[in-house]
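Dropping run_23.txt in here (compact mmCIF, C-alpha atoms):
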# COMPACT_ATOMS: atom_id res chain seq x y z
CA MET A 1 207.46 -120.19 24.68
CA ASN A 2 207.28 -121.79 21.23
CA CYS A 3 208.27 -120.04 18.00
CA ALA A 4 204.69 -119.30 16.90
CA GLU A 5 203.92 -117.68 20.25
CA THR A 6 207.13 -115.64 20.05
CA VAL A 7 206.22 -114.44 16.54
CA THR A 8 202.70 -113.53 17.63
CA LYS A 9 203.98 -111.50 20.57
CA ILE A 10 206.58 -109.72 18.40
CA LEU A 11 203.89 -108.76 15.89
CA MET A 12 201.66 -107.48 18.69
CA GLU A 13 204.54 -105.42 20.13
CA LYS A 14 205.35 -103.96 16.71
CA ASN A 15 201.66 -103.57 15.79
CA LEU A 16 202.18 -105.45 12.52
CA THR A 17 199.36 -107.45 10.97
CA ILE A 18 199.61 -110.88 9.37
CA THR A 19 197.68 -113.19 7.07
CA PHE A 20 198.20 -116.63 5.58
CA MET A 21 197.24 -118.56 2.46
CA GLU A 22 197.85 -122.21 3.21
CA SER A 23 197.63 -125.41 1.27
CA CYS A 24 199.77 -128.25 2.66
CA THR A 25 199.56 -127.02 6.27
CA SER A 26 195.76 -126.95 6.08
CA GLY A 27 195.34 -123.93 8.36
CA LEU A 28 197.88 -125.00 10.98
CA LEU A 29 199.86 -121.76 10.65
CA ALA A 30 196.77 -119.69 11.42
CA SER A 31 195.74 -122.02 14.22
CA MET A 32 199.15 -121.84 15.87
CA PHE A 33 199.17 -118.05 15.55
CA THR A 34 195.82 -117.67 17.26
CA ASP A 35 196.84 -119.91 20.18
CA THR A 36 198.30 -116.79 21.77
CA SER A 37 195.94 -114.55 23.69
CA GLY A 38 195.50 -111.18 22.00
CA ALA A 39 196.41 -112.44 18.53
CA SER A 40 193.16 -111.04 17.12
CA ALA A 41 194.69 -107.55 17.38
CA VAL A 42 197.10 -108.36 14.53
CA PHE A 43 195.63 -111.39 12.73
CA LYS A 44 193.68 -110.25 9.66
CA GLY A 45 192.41 -113.64 8.52
CA SER A 46 193.48 -116.63 6.54
CA LEU A 47 192.72 -118.75 3.51
CA VAL A 48 193.05 -122.51 3.25
CA THR A 49 193.13 -123.32 -0.45
CA TYR A 50 193.85 -127.01 -0.66
CA SER A 51 192.88 -127.50 -4.31
CA ASN A 52 194.25 -125.77 -7.39
CA GLU A 53 190.75 -124.54 -8.19
CA MET A 54 190.42 -122.75 -4.85
CA LYS A 55 193.86 -121.14 -5.20
CA ILE A 56 192.76 -119.75 -8.58
CA ALA A 57 189.31 -118.73 -7.27
CA ALA A 58 191.02 -116.80 -4.46
CA GLY A 59 193.20 -114.91 -6.93
CA VAL A 60 196.33 -116.95 -7.72
CA PRO A 61 196.80 -116.55 -11.49
CA SER A 62 196.13 -119.86 -13.26
CA GLU A 63 199.13 -119.06 -15.48
CA VAL A 64 201.44 -119.37 -12.45
CA ILE A 65 200.18 -122.89 -11.73
CA GLU A 66 200.25 -123.85 -15.41
CA LYS A 67 203.76 -122.51 -16.03
CA PHE A 68 205.55 -123.32 -12.75
CA GLY A 69 203.32 -125.93 -11.11
CA VAL A 70 201.33 -125.72 -7.90
CA TYR A 71 204.38 -126.94 -5.98
CA SER A 72 206.78 -124.11 -6.72
CA SER A 73 208.27 -120.96 -5.24
CA GLU A 74 206.30 -118.96 -7.78
CA CYS A 75 203.00 -120.44 -6.61
CA ALA A 76 203.87 -119.87 -2.92
CA ARG A 77 204.76 -116.25 -3.74
CA ALA A 78 201.51 -115.77 -5.67
CA MET A 79 199.61 -117.21 -2.70
CA ALA A 80 201.31 -114.81 -0.27
CA GLU A 81 200.69 -111.86 -2.58
CA THR A 82 197.04 -112.90 -3.02
CA ALA A 83 196.51 -113.09 0.75
CA LYS A 84 198.16 -109.68 1.16
CA LYS A 85 195.87 -108.21 -1.50
CA ILE A 86 192.74 -109.70 0.08
CA TYR A 87 193.52 -108.82 3.71
CA GLY A 88 195.89 -105.86 3.43
CA ALA A 89 198.21 -107.24 6.10
CA ASP A 90 201.76 -106.04 6.74
CA ILE A 91 203.07 -109.60 6.47
CA SER A 92 201.61 -112.39 4.39
CA ILE A 93 202.67 -115.99 4.00
CA GLY A 94 201.84 -118.52 1.28
CA ILE A 95 202.74 -122.20 1.56
CA THR A 96 202.26 -125.12 -0.81
CA GLY A 97 203.73 -128.62 -0.92
CA THR A 98 203.12 -132.27 -0.20
CA THR A 99 202.67 -133.88 3.19
CA GLY A 100 202.72 -137.54 2.39
CA ASN A 101 202.19 -139.56 -0.70
CA VAL A 102 202.83 -138.06 -4.09
CA ASP A 103 199.77 -136.05 -5.18
CA PRO A 104 197.98 -137.79 -8.08
CA ALA A 105 196.31 -134.49 -9.10
CA ASN A 106 199.64 -132.72 -9.61
CA SER A 107 202.53 -134.38 -11.41
CA ASP A 108 205.08 -131.98 -9.90
CA SER A 109 204.67 -133.28 -6.34
CA VAL A 110 207.63 -134.68 -4.42
CA GLN A 111 207.11 -136.21 -1.02
CA GLY A 112 208.56 -134.01 1.72
CA ARG A 113 208.96 -130.87 -0.38
CA ALA A 114 207.20 -127.60 0.39
CA PHE A 115 207.59 -124.03 -0.82
CA TYR A 116 206.71 -120.95 1.16
CA CYS A 117 207.03 -117.22 0.76
CA ILE A 118 206.96 -114.53 3.41
CA VAL A 119 206.04 -111.12 1.99
CA GLN A 120 207.10 -108.30 4.29
CA ASN A 121 207.61 -104.63 3.55
CA GLY A 122 207.59 -105.16 -0.20
CA LYS A 123 210.17 -107.96 -0.01
CA ASN A 124 209.58 -111.58 -1.01
CA HIS A 125 211.44 -114.10 1.11
CA ASP A 126 211.27 -117.46 -0.72
CA PHE A 127 212.06 -120.77 0.98
CA ILE A 128 212.08 -124.46 0.07
CA ILE A 129 211.75 -127.27 2.58
CA GLU A 130 213.12 -130.64 1.50
CA GLU A 131 212.95 -133.33 4.16
CA ASN A 132 212.93 -137.09 4.32
CA VAL A 133 209.46 -137.56 5.75
CA ILE A 134 209.20 -141.32 5.38
CA GLY A 135 207.65 -142.71 8.52
CA LEU A 136 206.12 -139.39 9.60
CA SER A 137 202.37 -138.91 9.77
CA ARG A 138 200.70 -136.15 7.79
CA LYS A 139 200.16 -134.31 11.07
CA GLU A 140 203.87 -134.53 11.91
CA ILE A 141 204.84 -133.29 8.44
CA LYS A 142 202.47 -130.32 8.69
CA GLN A 143 203.95 -129.49 12.09
CA LEU A 144 207.48 -129.71 10.69
CA TYR A 145 206.57 -127.30 7.89
CA ALA A 146 204.78 -124.89 10.24
CA ASP A 147 207.71 -124.85 12.65
CA ARG A 148 210.07 -124.05 9.76
CA VAL A 149 207.88 -121.16 8.62
CA TYR A 150 207.70 -119.69 12.12
CA GLY A 151 211.46 -120.08 12.58
CA GLU A 152 212.19 -118.09 9.42
CA LEU A 153 209.54 -115.51 10.24
CA GLU A 154 211.09 -114.98 13.66
CA LYS A 155 214.49 -114.34 11.98
CA ILE A 156 212.94 -111.82 9.57
CA LEU A 157 211.15 -110.01 12.38
CA GLY A 158 214.43 -109.78 14.27
CA GLN A 159 215.80 -107.68 11.44
CA ILE A 160 213.05 -105.04 11.50
Using the file provided, produce a representation of the structure as structure tokens.
Amino acid sequence: MNCAETVTKILMEKNLTITFMESCTSGLLASMFTDTSGASAVFKGSLVTYSNEMKIAAGVPSEVIEKFGVYSSECARAMAETAKKIYGADISIGITGTTGNVDPANSDSVQGRAFYCIVQNGKNHDFIIEENVIGLSRKEIKQLYADRVYGELEKILGQI
């Protein structure tokens, strides 16, 4: 059983709901979550907001992006909080970062760096991924990020 499947089953056992707001993983977190039969019982929905404009349209304050940058812990936290507000889930996750080349639309991008936040029970769990991703495909980088998120989420769920 992979980490995403384990997390899905734990959430189903605990009857806890989840939502995501994804940028750099392009919906992979949600896709992996729903690979487990019965996931619909606890999966509220998800947002893929690849552009800054869509993050803002969904509810991320533009001031967060302007002050801290789209690639920041603050933006990931705002994304998680926005998803929680929209879907009302028990757990929400926001992730932002780069998967390959430096992003020409955002000067704060660094190849192989991603930020994510897991909001659970009123607590913000902030994480940074910094990996040498040279030679990896975008798909492999997204998978690396998603696996990291699910690994940390599994640890958090083990504490509740």
Per-residue nearest contacts of segment 29-96 of chain A to segment 2-20 of chain A (10 Å; all atoms listed in the file) as a tab-separated table:
residue	atom	partner	partner_atom	distance
A:Leu29	CA	A:Phe20	CA	7.4
A:Ala30	CA	A:Phe20	CA	6.7
A:Ser31	CA	A:Ala4	CA	9.7
A:Met32	CA	A:Ala4	CA	6.2
A:Phe33	CA	A:Ala4	CA	5.8
A:Thr34	CA	A:Thr8	CA	8.0
A:Asp35	CA	A:Glu5	CA	7.4
A:Thr36	CA	A:Glu5	CA	5.9
A:Ser37	CA	A:Thr8	CA	9.1
A:Gly38	CA	A:Met12	CA	7.9
A:Ala39	CA	A:Thr8	CA	6.4
A:Ser40	CA	A:Met12	CA	9.3
A:Ala41	CA	A:Met12	CA	7.1
A:Val42	CA	A:Thr17	CA	4.3
A:Phe43	CA	A:Ile18	CA	5.2
A:Lys44	CA	A:Thr19	CA	5.6
A:Gly45	CA	A:Thr19	CA	5.5
A:Ser46	CA	A:Phe20	CA	4.8
A:Leu47	CA	A:Phe20	CA	6.2
A:Val48	CA	A:Phe20	CA	8.2
A:Met79	CA	A:Phe20	CA	8.4
A:Ala80	CA	A:Phe20	CA	6.9
A:Glu81	CA	A:Phe20	CA	9.8
A:Thr82	CA	A:Phe20	CA	9.4
A:Ala83	CA	A:Phe20	CA	6.2
A:Lys84	CA	A:Thr19	CA	6.9
A:Ile86	CA	A:Thr19	CA	9.2
A:Tyr87	CA	A:Thr19	CA	6.9
A:Gly88	CA	A:Thr19	CA	8.4
A:Ala89	CA	A:Thr17	CA	5.0
A:Asp90	CA	A:Thr17	CA	5.1
A:Ile91	CA	A:Ile18	CA	4.7
A:Ser92	CA	A:Thr19	CA	4.8
A:Ile93	CA	A:Phe20	CA	4.8
A:Gly94	CA	A:Phe20	CA	5.9
A:Ile95	CA	A:Phe20	CA	8.2
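What separates atom CA of Thr25 of chain A from atom CA of Ile160 of chain A is a distance of 26.3 Å.
Each of A:Ser26, A:Thr99, A:Gln159, A:Ser73 was compared to Ile128 of chain A using all atoms listed in the file, and A:Ser73 turns out to be the nearest.
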Between atom CA of Glu130 of chain A and atom CA of Ser72 of chain A - distance in Å to one decimal =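 According to the coordinates, atom CA of Ser72 of chain A and atom CA of Glu130 of chain A are separated by 12.3 Å.
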Show which residues sit within 12 Å of Glu74 of chain A, as a list in words. Count all atoms listed in the file, and ignore same-chain residues fewer than 6 positions away.
-> Val60, Pro61, Ser62, Glu63, Val64, Ile65, Glu66, Lys67, Phe68, Ala80, Glu81, Gly94, Ile95, Thr96, Ala114, Phe115, Tyr116, Cys117, Asn124, His125, Asp126, Phe127 and Ile128 of chain A
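In terms of minimum interatomic distance to Val149 of chain A, A:Ile118 ranks closest within A:Ile118, A:Arg113, A:Cys75, A:Gly69, counting only C-alpha atoms.
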Hey, can you check how far atom CA of Tyr50 of chain A sits from atom CA of Cys24 of chain A?
->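 About the pair atom CA of Tyr50 of chain A and atom CA of Cys24 of chain A: they are 6.9 Å apart.
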For a cut-off of 12 Å around (212.6, -144.2, 2.8), file coordinates, pick out all residues using all atoms listed in the file and list them as an NGL selection string.
-> :A and (100-101 or 111-112 or 131-136)
